[in-house]
Structure formats: structure tokens, C-alpha cells
$ cat structure_15.json   # JSON, C-alpha atoms
[["chain", "number", "residue", "atom", "x", "y", "z"],
["A", 1268, "MET", "CA", 7.06, -4.14, -4.82],
["A", 1269, "THR", "CA", 8.88, -7.47, -5.02],
["A", 1270, "ALA", "CA", 7.08, -10.80, -4.81],
["A", 1271, "ASP", "CA", 8.61, -11.39, -1.39],
["A", 1272, "ALA", "CA", 7.53, -7.98, -0.13],
["A", 1273, "SER", "CA", 3.98, -8.46, -1.41],
["A", 1274, "GLY", "CA", 3.84, -11.86, 0.26],
["A", 1275, "ALA", "CA", 4.81, -10.23, 3.55],
["A", 1276, "VAL", "CA", 1.85, -7.87, 3.16],
["A", 1277, "GLU", "CA", -0.48, -10.85, 2.77],
["A", 1278, "ILE", "CA", 1.02, -12.59, 5.83],
["A", 1279, "ARG", "CA", 0.70, -9.44, 7.95],
["A", 1280, "ALA", "CA", -2.97, -8.95, 7.02],
["A", 1281, "ALA", "CA", -3.76, -12.62, 7.72],
["A", 1282, "LEU", "CA", -2.17, -12.46, 11.17],
["A", 1283, "MET", "CA", -4.30, -9.47, 12.09],
["A", 1284, "ARG", "CA", -7.42, -11.32, 10.92],
["A", 1285, "LEU", "CA", -6.36, -14.41, 12.86],
["A", 1286, "ARG", "CA", -6.08, -12.50, 16.13],
["A", 1287, "ARG", "CA", -9.32, -10.66, 15.47],
["A", 1288, "THR", "CA", -11.35, -13.81, 14.74],
["A", 1289, "THR", "CA", -9.87, -16.10, 17.42],
["A", 1290, "GLY", "CA", -8.90, -13.79, 20.26],
["A", 1291, "LEU", "CA", -5.41, -15.32, 20.32],
["A", 1292, "PRO", "CA", -3.04, -12.86, 22.00],
["A", 1293, "VAL", "CA", -0.05, -13.65, 19.79],
["A", 1294, "ALA", "CA", 0.30, -14.36, 16.07],
["A", 1295, "PHE", "CA", 3.36, -14.38, 13.87],
["A", 1296, "GLY", "CA", 4.59, -15.84, 10.61],
["A", 1297, "GLY", "CA", 6.72, -15.53, 7.55],
["A", 1298, "LEU", "CA", 7.62, -16.82, 4.12],
["A", 1299, "VAL", "CA", 9.86, -19.59, 2.87],
["A", 1300, "GLU", "CA", 12.97, -17.83, 1.60],
["A", 1301, "PRO", "CA", 13.59, -18.42, -2.14],
["A", 1302, "GLY", "CA", 15.94, -21.32, -2.71],
["A", 1303, "ARG", "CA", 16.04, -22.17, 1.01],
["A", 1304, "SER", "CA", 14.49, -24.83, 3.21],
["A", 1305, "TRP", "CA", 13.43, -22.51, 6.00],
["A", 1306, "VAL", "CA", 10.77, -19.98, 6.88],
["A", 1307, "ARG", "CA", 11.97, -16.57, 8.00],
["A", 1308, "ILE", "CA", 9.64, -15.17, 10.66],
["A", 1309, "SER", "CA", 9.18, -11.55, 9.66],
["A", 1310, "GLU", "CA", 5.71, -10.52, 10.83],
["A", 1311, "LEU", "CA", 4.72, -10.42, 14.51],
["A", 1312, "THR", "CA", 1.65, -9.11, 16.28],
["A", 1313, "GLY", "CA", 0.93, -9.21, 20.01],
["A", 1314, "THR", "CA", 4.50, -10.16, 20.94],
["A", 1315, "ARG", "CA", 6.29, -8.57, 23.90],
["A", 1316, "THR", "CA", 9.88, -9.22, 22.79],
["A", 1317, "GLN", "CA", 11.91, -9.50, 19.58],
["A", 1318, "ALA", "CA", 12.97, -13.08, 20.39],
["A", 1319, "LEU", "CA", 11.11, -14.54, 17.40],
["A", 1320, "ASN", "CA", 11.86, -11.76, 14.94],
["A", 1321, "ALA", "CA", 13.91, -12.91, 11.91],
["A", 1322, "LEU", "CA", 14.11, -16.45, 13.29],
["A", 1323, "ALA", "CA", 14.85, -19.00, 10.53],
["A", 1324, "VAL", "CA", 12.69, -22.10, 11.04],
["A", 1325, "THR", "CA", 14.08, -25.07, 9.15],
["A", 1326, "SER", "CA", 11.75, -27.61, 7.55],
["A", 1327, "GLY", "CA", 11.14, -30.45, 10.01],
["A", 1328, "ASN", "CA", 12.30, -28.54, 13.09],
["A", 1329, "GLY", "CA", 10.00, -27.25, 15.80],
["A", 1330, "LEU", "CA", 6.27, -26.77, 15.34],
["A", 1331, "GLY", "CA", 6.43, -24.57, 12.23],
["A", 1332, "GLY", "CA", 9.10, -26.73, 10.62],
["A", 1333, "LYS", "CA", 6.90, -29.77, 11.15],
["A", 1334, "ALA", "CA", 3.97, -27.98, 9.48],
["A", 1335, "VAL", "CA", 6.25, -27.14, 6.52],
["A", 1336, "ALA", "CA", 7.53, -30.69, 6.20],
["A", 1337, "LEU", "CA", 4.08, -32.28, 6.43],
["A", 1338, "GLY", "CA", 2.23, -29.57, 4.53],
["A", 1339, "ARG", "CA", -0.58, -29.54, 7.08],
["A", 1340, "PRO", "CA", -1.56, -27.74, 10.33],
["A", 1341, "CYS", "CA", 0.12, -28.79, 13.57],
["A", 1342, "ALA", "CA", -0.59, -27.80, 17.18],
["A", 1343, "VAL", "CA", 0.80, -28.43, 20.67],
["A", 1344, "THR", "CA", -0.73, -27.75, 24.08],
["A", 1345, "ASP", "CA", 2.56, -27.09, 25.88],
["A", 1346, "TYR", "CA", 5.41, -26.27, 23.51],
["A", 1347, "SER", "CA", 8.38, -26.88, 25.79],
["A", 1348, "LEU", "CA", 7.10, -30.24, 27.05],
["A", 1349, "SER", "CA", 5.65, -31.62, 23.81],
["A", 1350, "ARG", "CA", 7.10, -34.88, 22.52],
["A", 1351, "ARG", "CA", 5.49, -34.36, 19.12],
["A", 1352, "ILE", "CA", 8.03, -31.79, 17.96],
["A", 1353, "SER", "CA", 11.78, -31.19, 18.13],
["A", 1354, "HIS", "CA", 13.02, -28.42, 20.39],
["A", 1355, "GLU", "CA", 15.56, -26.33, 18.48],
["A", 1356, "TYR", "CA", 13.59, -23.15, 19.15],
["A", 1357, "ASP", "CA", 12.69, -23.58, 22.82],
["A", 1358, "ALA", "CA", 14.78, -20.58, 23.88],
["A", 1359, "PRO", "CA", 13.04, -17.89, 21.75],
["A", 1360, "VAL", "CA", 9.62, -19.46, 22.41],
["A", 1361, "ALA", "CA", 10.28, -19.39, 26.16],
["A", 1362, "ALA", "CA", 11.62, -15.84, 25.98],
["A", 1363, "GLU", "CA", 8.28, -14.77, 24.50],
["A", 1364, "GLY", "CA", 6.44, -16.79, 27.16],
["A", 1365, "LEU", "CA", 4.47, -18.98, 24.74],
["A", 1366, "ARG", "CA", 2.92, -22.31, 25.75],
["A", 1367, "SER", "CA", 0.10, -23.52, 23.49],
["A", 1368, "ALA", "CA", 0.68, -22.91, 19.79],
["A", 1369, "LEU", "CA", -0.50, -23.82, 16.32],
["A", 1370, "ALA", "CA", 1.20, -23.55, 12.94],
["A", 1371, "VAL", "CA", -0.57, -23.61, 9.56],
["A", 1372, "PRO", "CA", 1.33, -23.80, 6.27],
["A", 1373, "VAL", "CA", 0.51, -21.52, 3.34],
["A", 1374, "VAL", "CA", 0.50, -23.80, 0.30],
["A", 1375, "VAL", "CA", 0.43, -22.42, -3.25],
["A", 1376, "ARG", "CA", 0.54, -24.80, -6.22],
["A", 1377, "ARG", "CA", 1.50, -27.68, -3.93],
["A", 1378, "ARG", "CA", 4.48, -25.80, -2.55],
["A", 1379, "VAL", "CA", 4.68, -24.45, 1.01],
["A", 1380, "ARG", "CA", 5.25, -20.72, 0.74],
["A", 1381, "GLY", "CA", 4.94, -19.64, 4.36],
["A", 1382, "VAL", "CA", 3.60, -20.40, 7.83],
["A", 1383, "LEU", "CA", 1.11, -18.69, 10.13],
["A", 1384, "TYR", "CA", 1.41, -19.21, 13.89],
["A", 1385, "GLY", "CA", -1.03, -18.47, 16.69],
["A", 1386, "ALA", "CA", -0.21, -18.88, 20.37],
["A", 1387, "LEU", "CA", -1.31, -18.57, 23.99],
["A", 1388, "ARG", "CA", 0.79, -17.85, 27.04],
["A", 1389, "THR", "CA", -1.05, -20.58, 28.93],
["A", 1390, "ALA", "CA", -1.00, -24.35, 28.41],
["A", 1391, "GLN", "CA", -4.49, -25.24, 27.20],
["A", 1392, "PRO", "CA", -6.01, -26.89, 24.12],
["A", 1393, "LEU", "CA", -6.62, -24.43, 21.31],
["A", 1394, "GLY", "CA", -9.75, -26.17, 20.01],
["A", 1395, "ASP", "CA", -11.12, -26.96, 16.57],
["A", 1396, "ARG", "CA", -12.70, -23.53, 16.08],
["A", 1397, "THR", "CA", -9.37, -21.77, 16.59],
["A", 1398, "LEU", "CA", -7.56, -24.18, 14.28],
["A", 1399, "SER", "CA", -10.24, -23.76, 11.61],
["A", 1400, "ALA", "CA", -9.92, -19.97, 11.80],
["A", 1401, "ALA", "CA", -6.15, -20.29, 11.37],
["A", 1402, "VAL", "CA", -6.64, -22.53, 8.34],
["A", 1403, "GLU", "CA", -9.06, -19.98, 6.83],
["A", 1404, "ALA", "CA", -6.52, -17.21, 7.35],
["A", 1405, "ALA", "CA", -3.90, -19.29, 5.55],
["A", 1406, "ARG", "CA", -6.33, -19.96, 2.69],
["A", 1407, "ASP", "CA", -6.88, -16.21, 2.35],
["A", 1408, "VAL", "CA", -3.13, -15.75, 1.94],
["A", 1409, "GLU", "CA", -2.98, -18.55, -0.61],
["A", 1410, "GLN", "CA", -5.80, -17.07, -2.69],
["A", 1411, "ALA", "CA", -4.30, -13.59, -2.59],
["A", 1412, "LEU", "CA", -0.89, -14.91, -3.67],
["A", 1413, "VAL", "CA", -2.43, -16.93, -6.49],
["A", 1414, "ALA", "CA", -4.42, -13.92, -7.73],
["A", 1415, "ARG", "CA", -1.33, -11.72, -7.59],
["A", 1416, "GLU", "CA", 0.87, -14.24, -9.37],
["A", 1417, "GLU", "CA", -1.70, -15.02, -12.05],
["A", 1418, "ALA", "CA", -2.09, -11.31, -12.70],
["A", 1419, "GLN", "CA", 1.68, -10.97, -13.01],
["A", 1420, "ASP", "CA", 1.86, -13.98, -15.36],
["A", 1421, "LEU", "CA", -0.86, -12.51, -17.57],
["A", 1422, "LEU", "CA", 0.86, -9.16, -17.66],
["A", 1423, "THR", "CA", 4.20, -10.74, -18.54],
["A", 1424, "ALA", "CA", 2.61, -12.72, -21.35],
["A", 1425, "ALA", "CA", 0.76, -9.68, -22.64],
["A", 1426, "ARG", "CA", 3.97, -7.63, -22.82],
["A", 1427, "CYS", "CA", 5.24, -10.11, -25.41],
["A", 1428, "GLU", "CA", 2.28, -9.38, -27.69],
["A", 1429, "PRO", "CA", 0.73, -6.28, -29.28],
["A", 1430, "ALA", "CA", -1.74, -4.45, -27.03],
["A", 1431, "SER", "CA", -4.56, -5.93, -29.10],
["A", 1432, "GLY", "CA", -3.30, -9.53, -28.84],
["A", 1433, "PRO", "CA", -5.20, -12.41, -27.18],
["A", 1434, "ALA", "CA", -3.14, -12.23, -24.00],
["A", 1435, "TRP", "CA", -4.05, -8.56, -23.54],
["A", 1436, "GLU", "CA", -7.73, -9.38, -23.93],
["A", 1437, "GLN", "CA", -7.33, -12.00, -21.20],
["A", 1438, "VAL", "CA", -5.61, -9.41, -19.01],
["A", 1439, "ARG", "CA", -8.49, -7.00, -19.52],
["A", 1440, "GLU", "CA", -11.09, -9.64, -18.76],
["A", 1441, "ALA", "CA", -9.23, -10.61, -15.59],
["A", 1442, "HIS", "CA", -8.95, -6.95, -14.55],
["A", 1443, "ALA", "CA", -12.67, -6.35, -15.03],
["A", 1444, "ALA", "CA", -13.59, -9.54, -13.14],
["A", 1445, "LEU", "CA", -11.32, -8.74, -10.20],
["A", 1446, "ARG", "CA", -12.59, -5.16, -9.91],
["A", 1447, "ALA", "CA", -16.20, -6.37, -10.02],
["A", 1448, "LEU", "CA", -15.45, -8.89, -7.27],
["A", 1449, "ALA", "CA", -13.64, -6.49, -4.91],
["A", 1450, "PRO", "CA", -16.68, -4.49, -3.63],
["A", 1451, "ARG", "CA", -18.39, -7.73, -2.57],
["A", 1452, "ILE", "CA", -15.57, -8.63, -0.17],
["A", 1453, "THR", "CA", -16.45, -7.41, 3.32],
["A", 1454, "ASP", "CA", -13.00, -7.88, 4.88],
["A", 1455, "PRO", "CA", -11.21, -4.55, 4.26],
["A", 1456, "ASP", "CA", -7.73, -6.09, 4.35],
["A", 1457, "LEU", "CA", -8.55, -8.78, 1.79],
["A", 1458, "ARG", "CA", -10.38, -6.23, -0.39],
["A", 1459, "ALA", "CA", -7.29, -4.01, -0.38],
["A", 1460, "GLU", "CA", -5.12, -6.98, -1.32],
["A", 1461, "LEU", "CA", -7.37, -7.83, -4.26],
["A", 1462, "LEU", "CA", -7.33, -4.23, -5.51],
["A", 1463, "SER", "CA", -3.55, -4.28, -5.18],
["A", 1464, "ALA", "CA", -3.51, -7.33, -7.45],
["A", 1465, "CYS", "CA", -5.68, -5.37, -9.92],
["A", 1466, "GLY", "CA", -3.03, -2.68, -9.88],
["A", 1467, "LEU", "CA", -0.48, -5.14, -11.26],
["A", 1468, "LEU", "CA", -2.52, -5.31, -14.46],
["A", 1469, "THR", "CA", -2.25, -1.58, -15.15],
["A", 1470, "ALA", "CA", 0.69, 0.64, -15.99],
["A", 1471, "SER", "CA", 0.76, 2.09, -12.48],
["A", 1472, "PRO", "CA", -1.11, 1.02, -9.30],
["A", 1473, "ALA", "CA", -2.12, 4.63, -8.60],
["A", 1474, "SER", "CA", -2.64, 5.58, -12.23],
["A", 1475, "GLY", "CA", -6.39, 6.19, -11.93],
["A", 1476, "GLU", "CA", -5.73, 8.85, -9.32],
["A", 1477, "GLU", "CA", -3.60, 10.84, -11.78],
["A", 1478, "VAL", "CA", -6.65, 11.62, -13.92],
["A", 1479, "GLY", "CA", -8.98, 11.91, -10.93],
["A", 1480, "LEU", "CA", -10.99, 8.73, -11.55],
["A", 1481, "THR", "CA", -12.76, 7.18, -8.59],
["A", 1482, "PRO", "CA", -12.62, 3.42, -7.97],
["A", 1483, "ARG", "CA", -16.23, 3.02, -9.12],
["A", 1484, "GLU", "CA", -15.56, 4.97, -12.32],
["A", 1485, "ILE", "CA", -12.66, 2.63, -13.07],
["A", 1486, "ASP", "CA", -14.94, -0.36, -12.33],
["A", 1487, "VAL", "CA", -17.46, 0.90, -14.88],
["A", 1488, "LEU", "CA", -14.79, 1.65, -17.48],
["A", 1489, "ALA", "CA", -13.32, -1.84, -17.00],
["A", 1490, "CYS", "CA", -16.73, -3.34, -17.79],
["A", 1491, "VAL", "CA", -17.22, -1.05, -20.78],
["A", 1492, "ALA", "CA", -13.75, -1.99, -22.06],
["A", 1493, "GLY", "CA", -14.91, -5.61, -22.11],
["A", 1494, "GLY", "CA", -17.90, -4.69, -24.30],
["A", 1495, "ALA", "CA", -20.54, -4.57, -21.57],
["A", 1496, "THR", "CA", -23.64, -2.41, -21.97],
["A", 1497, "ASN", "CA", -24.74, -0.15, -19.12],
["A", 1498, "ALA", "CA", -27.30, -2.78, -18.07],
["A", 1499, "ALA", "CA", -24.71, -5.58, -18.14],
["A", 1500, "ALA", "CA", -22.19, -3.47, -16.21],
["A", 1501, "ALA", "CA", -24.88, -2.68, -13.63],
["A", 1502, "ALA", "CA", -25.69, -6.38, -13.16],
["A", 1503, "ARG", "CA", -22.02, -7.23, -12.83],
["A", 1504, "LEU", "CA", -21.27, -4.48, -10.32],
["A", 1505, "GLY", "CA", -24.50, -4.71, -8.34],
["A", 1506, "LEU", "CA", -25.58, -1.18, -9.34],
["A", 1507, "ARG", "CA", -28.56, 0.39, -11.08],
["A", 1508, "PRO", "CA", -28.16, 1.17, -14.82],
["A", 1509, "GLU", "CA", -28.77, 4.87, -14.09],
["A", 1510, "THR", "CA", -25.93, 4.82, -11.55],
["A", 1511, "VAL", "CA", -23.60, 3.19, -14.09],
["A", 1512, "LYS", "CA", -24.55, 5.85, -16.63],
["A", 1513, "GLY", "CA", -23.72, 8.56, -14.10],
["A", 1514, "TYR", "CA", -20.29, 7.08, -13.35],
["A", 1515, "LEU", "CA", -19.58, 6.75, -17.06],
["A", 1516, "ARG", "CA", -20.57, 10.38, -17.77],
["A", 1517, "SER", "CA", -18.34, 11.56, -14.94],
["A", 1518, "ALA", "CA", -15.39, 9.48, -16.18],
["A", 1519, "MET", "CA", -15.85, 10.75, -19.75],
["A", 1520, "ARG", "CA", -15.85, 14.35, -18.50],
["A", 1521, "LYS", "CA", -12.63, 13.85, -16.52],
["A", 1522, "LEU", "CA", -10.95, 12.11, -19.45],
["A", 1523, "GLY", "CA", -12.12, 14.69, -22.01],
["A", 1524, "ALA", "CA", -13.90, 11.95, -23.99],
["A", 1525, "HIS", "CA", -17.08, 12.24, -26.02],
["A", 1526, "THR", "CA", -17.83, 8.54, -26.51],
["A", 1527, "ARG", "CA", -17.51, 5.34, -24.51],
["A", 1528, "GLY", "CA", -14.73, 4.13, -26.78],
["A", 1529, "GLU", "CA", -12.80, 7.38, -26.40],
["A", 1530, "ALA", "CA", -13.13, 7.11, -22.61],
["A", 1531, "VAL", "CA", -11.71, 3.58, -22.57],
["A", 1532, "ALA", "CA", -8.83, 4.60, -24.84],
["A", 1533, "ALA", "CA", -8.03, 7.64, -22.70],
["A", 1534, "ALA", "CA", -8.14, 5.56, -19.51],
["A", 1535, "ARG", "CA", -5.70, 3.10, -21.05],
["A", 1536, "ARG", "CA", -3.36, 5.89, -22.08],
["A", 1537, "ALA", "CA", -3.48, 7.18, -18.50],
["A", 1538, "GLY", "CA", -2.67, 3.72, -17.19],
["A", 1539, "ALA", "CA", -5.96, 3.32, -15.35],
["A", 1540, "LEU", "CA", -6.93, 0.30, -17.48],
["A", 1541, "PRO", "CA", -4.76, -2.49, -18.95]]

$ encode --input "structure_15.json" --output "C-alpha cells"
Amino acid sequence: MTADASGAVEIRAALMRLRRTTGLPVAFGGLVEPGRSWVRISELTGTRTQALNALAVTSGNGLGGKAVALGRPCAVTDYSLSRRISHEYDAPVAAEGLRSALAVPVVVRRRVRGVLYGALRTAQPLGDRTLSAAVEAARDVEQALVAREEAQDLLTAARCEPASGPAWEQVREAHAALRALAPRITDPDLRAELLSACGLLTASPASGEEVGLTPREIDVLACVAGGATNAAAAARLGLRPETVKGYLRSAMRKLGAHTRGEAVAAARRAGALP
């Protein structure tokens, strides 16, 4: 999956969360195209037409372009009549029947990477609660993109060193920390995104499935690979030590290993661990 494609996945999940948490009937968004000064709207939910699909929104133009240029959220109560924005995109907005709208930039490392929009088909103020929810959705995208990119950076650095080098140890620590964090995230979309980022640190995103390991067995092995005892792994994963021991025994059986160290080595050979 390319960086652009993975970013689209994050945008799509955030738009679904935005509609779910705010009740807005329409949400759409997209990413800044590499080397360009515009956002390409690629993800739409709740729309009735294709008028906004693939629309290129230039920095400074319209509501989304203003959000890109300023690097902060912007909103209008009646898009077509607003004097706070330019009106290059009135035709597609009108074709979709949108009136009130907000636009929130996705900012990663001080650079705008995309925009999330939410809209109503009536002219009425969107309110602080709706705007705050949109900002939170954008922050979720930012955090997911940062986690994914940091994982990729670590993996790239580790490939330049032996598997026992310092960068690989950092990769393994990051993998264990991310896997321990994932079960605590209640939002299923964000949890899936985080586990997808974990997959970037292994040889193959689905590698654990090839040897029949469950997600929890991989979690335990990731802790063991970092030198954790059963008690420490249990505390980290929010499990009982006996439960950790059971997962470890099961993983060892599947991997044909007789010791903890052999299990970790076999899991790495299978690509289930970095």
C-alpha cells in the first residue's frame, strides 16, 4: 500500500467517525497531492451526487482552500452567500445541495496533508460541539499518519543495519508498544489503523496468520521479545499472568518451539515479529 493510499484509508475512517459523532449528513475530504498546492477530494460519505468527487481544491480558494492556507478550521453558515470565502467551487457545492459547511486541515509536522469537510443541506450555524468533533477527527488522522510514518522510518533505518543493530531494537520496542496500546482503543476503525501500522514493522502484514498465531499470541510474543517476564507482559497488556502463560504455551506449540527464545526466533522467521 502506498503512502497516499494509506492516507486515504485514514481519511475515510475519520469521515465515518465524524458523521457518527456529529450527525452531519454529509462528510468528505482528501489529501494534498504530492508536489501540488491542492487537495484532491477522494472520499465522500452521505453525498447524493458525484459533483465533488475528484475535485481539486487549490490552497486559498473556497472553504477548504482557506483552511489549507491558514492551517486552521474554517466554517460558513451559507456557502453560496458567504463573503468570508472565494467562490470558485459554488457549482459543485450547489449541485450537491450543501449550505452550511466546515473544513478542518490535517496537519502533520507543520505541513497540511489533507482536509476533512462536514456539511448540512440547510443554512444554520454548525456550533462549537460539531466543530470540536471535526477537529478531533482530524487529530485522529494526524496521529495515525504520524504512527505509520514513524514505523516506516524505523523500518527503513533498520534495513540498513544487521537484524541485531540498535535500530532493529527500536523497531521491536515500537512494535511491542503499539500492539500493547491497540486493545485499549475502543474505536474499531482507529484500532484497525494502529494494527495496520504495526504490520509495517513486520515482514508481512498478515504474516502471523500464516503460522496460525492469534493477535493476542503475537502481543505476548512481542512483549517476550523485548525481555518482559510473564508478569511484566501481563501488566503491559492488561491480562493475568496465567493468561499470558497460556497464550505463550499456545504460540510455542504452533511454532514448534520448546523455549521462549525459540518461540520469538520462530515468530521472527515467520514474519510475525520484526

$ closest_residue --input "structure_15.json" --among "A:Ala1495, A:Ala1539, A:Ala1447, A:Leu1365" --to "Gly1479 in chain A" --atoms "all atoms listed in the file"
A:Ala1539

$ closest_atom_pairs --input "structure_15.json" --of "range 1276-1319 of chain A" --to "range 1391-1398 of chain A" --cutoff "9 Å" --atoms "only C-alpha atoms" --output "Markdown table"
| residue | atom | partner | partner_atom | distance |
| --- | --- | --- | --- | --- |
| A:Leu1285 | CA | A:Thr1397 | CA | 8.8 |
| A:Thr1288 | CA | A:Thr1397 | CA | 8.4 |
| A:Thr1289 | CA | A:Thr1397 | CA | 5.8 |
| A:Gly1290 | CA | A:Thr1397 | CA | 8.8 |
| A:Leu1291 | CA | A:Thr1397 | CA | 8.4 |

$ atom_distance --input "structure_15.json" --atom1 "CA of Ile1452 in chain A" --atom2 "CA of Ala1530 in chain A"
27.5 Å

$ residues_around --input "structure_15.json" --residues "Val1402 in chain A" --least-positions-apart "4" --cutoff "8 Å" --atoms "only C-alpha atoms" --output "VMD selection string"
chain A and resid 1340 1371 1398 1406

$ residues_around --input "structure_15.json" --residues "Gly1329 in chain A" --least-positions-apart "4" --cutoff "9 Å" --atoms "all atoms listed in the file" --output "PyMOL selection string"
chain A and resi 1324-1325+1333-1334+1352-1357

$ residues_around --input "structure_15.json" --residues "Gly1494 in chain A" --least-positions-apart "6" --cutoff "12 Å" --atoms "all atoms listed in the file" --output "number ranges by chain"
A: 1436, 1439-1440, 1443, 1487-1488, 1500, 1527-1528, 1531

$ write_last_selection --input "structure_15.json" --atoms "C-alpha atoms" --output "short mmCIF file (atom, residue, chain, number, x, y, z; two decimals), keeping the file's coordinate frame"
data_model
loop_
_atom_site.label_atom_id
_atom_site.label_comp_id
_atom_site.auth_asym_id
_atom_site.auth_seq_id
_atom_site.Cartn_x
_atom_site.Cartn_y
_atom_site.Cartn_z
CA GLU A 1436 -7.73 -9.38 -23.93
CA ARG A 1439 -8.49 -7.00 -19.52
CA GLU A 1440 -11.09 -9.64 -18.76
CA ALA A 1443 -12.67 -6.35 -15.03
CA VAL A 1487 -17.46 0.90 -14.88
CA LEU A 1488 -14.79 1.65 -17.48
CA ALA A 1500 -22.19 -3.47 -16.21
CA ARG A 1527 -17.51 5.34 -24.51
CA GLY A 1528 -14.73 4.13 -26.78
CA VAL A 1531 -11.71 3.58 -22.57
#

$ build_atoms --input "structure_15.json" --residues "range 1273-1286 of chain A" --atoms "N, CA, C and O atoms" --output "short mmCIF file (atom, residue, chain, number, x, y, z; two decimals), keeping the file's coordinate frame"
data_model
loop_
_atom_site.label_atom_id
_atom_site.label_comp_id
_atom_site.auth_asym_id
_atom_site.auth_seq_id
_atom_site.Cartn_x
_atom_site.Cartn_y
_atom_site.Cartn_z
N SER A 1273 5.43 -8.36 -1.33
CA SER A 1273 3.98 -8.46 -1.41
C SER A 1273 3.48 -9.63 -0.59
O SER A 1273 2.44 -9.55 0.05
N GLY A 1274 4.24 -10.73 -0.56
CA GLY A 1274 3.84 -11.86 0.26
C GLY A 1274 3.82 -11.49 1.73
O GLY A 1274 2.96 -11.95 2.48
N ALA A 1275 4.77 -10.67 2.16
CA ALA A 1275 4.81 -10.23 3.55
C ALA A 1275 3.56 -9.42 3.90
O ALA A 1275 3.03 -9.53 5.01
N VAL A 1276 3.09 -8.63 2.95
CA VAL A 1276 1.85 -7.87 3.16
C VAL A 1276 0.68 -8.81 3.40
O VAL A 1276 -0.14 -8.60 4.31
N GLU A 1277 0.60 -9.88 2.61
CA GLU A 1277 -0.48 -10.85 2.77
C GLU A 1277 -0.39 -11.54 4.14
O GLU A 1277 -1.40 -11.75 4.81
N ILE A 1278 0.83 -11.92 4.54
CA ILE A 1278 1.02 -12.59 5.83
C ILE A 1278 0.58 -11.66 6.96
O ILE A 1278 -0.13 -12.06 7.89
N ARG A 1279 1.01 -10.40 6.89
CA ARG A 1279 0.70 -9.44 7.95
C ARG A 1279 -0.82 -9.27 8.10
O ARG A 1279 -1.36 -9.28 9.21
N ALA A 1280 -1.52 -9.13 6.97
CA ALA A 1280 -2.97 -8.95 7.02
C ALA A 1280 -3.65 -10.19 7.58
O ALA A 1280 -4.61 -10.09 8.36
N ALA A 1281 -3.16 -11.37 7.23
CA ALA A 1281 -3.76 -12.62 7.72
C ALA A 1281 -3.57 -12.77 9.22
O ALA A 1281 -4.46 -13.26 9.93
N LEU A 1282 -2.41 -12.36 9.73
CA LEU A 1282 -2.17 -12.46 11.17
C LEU A 1282 -3.11 -11.55 11.96
O LEU A 1282 -3.61 -11.93 13.02
N MET A 1283 -3.36 -10.37 11.43
CA MET A 1283 -4.30 -9.47 12.09
C MET A 1283 -5.70 -10.07 12.09
O MET A 1283 -6.42 -10.00 13.10
N ARG A 1284 -6.10 -10.67 10.97
CA ARG A 1284 -7.42 -11.32 10.92
C ARG A 1284 -7.48 -12.49 11.88
O ARG A 1284 -8.51 -12.72 12.53
N LEU A 1285 -6.38 -13.24 11.97
CA LEU A 1285 -6.36 -14.41 12.86
C LEU A 1285 -6.57 -14.00 14.31
O LEU A 1285 -7.38 -14.60 15.03
N ARG A 1286 -5.89 -12.97 14.75
CA ARG A 1286 -6.08 -12.50 16.13
C ARG A 1286 -7.49 -11.97 16.34
O ARG A 1286 -8.10 -12.19 17.38
#
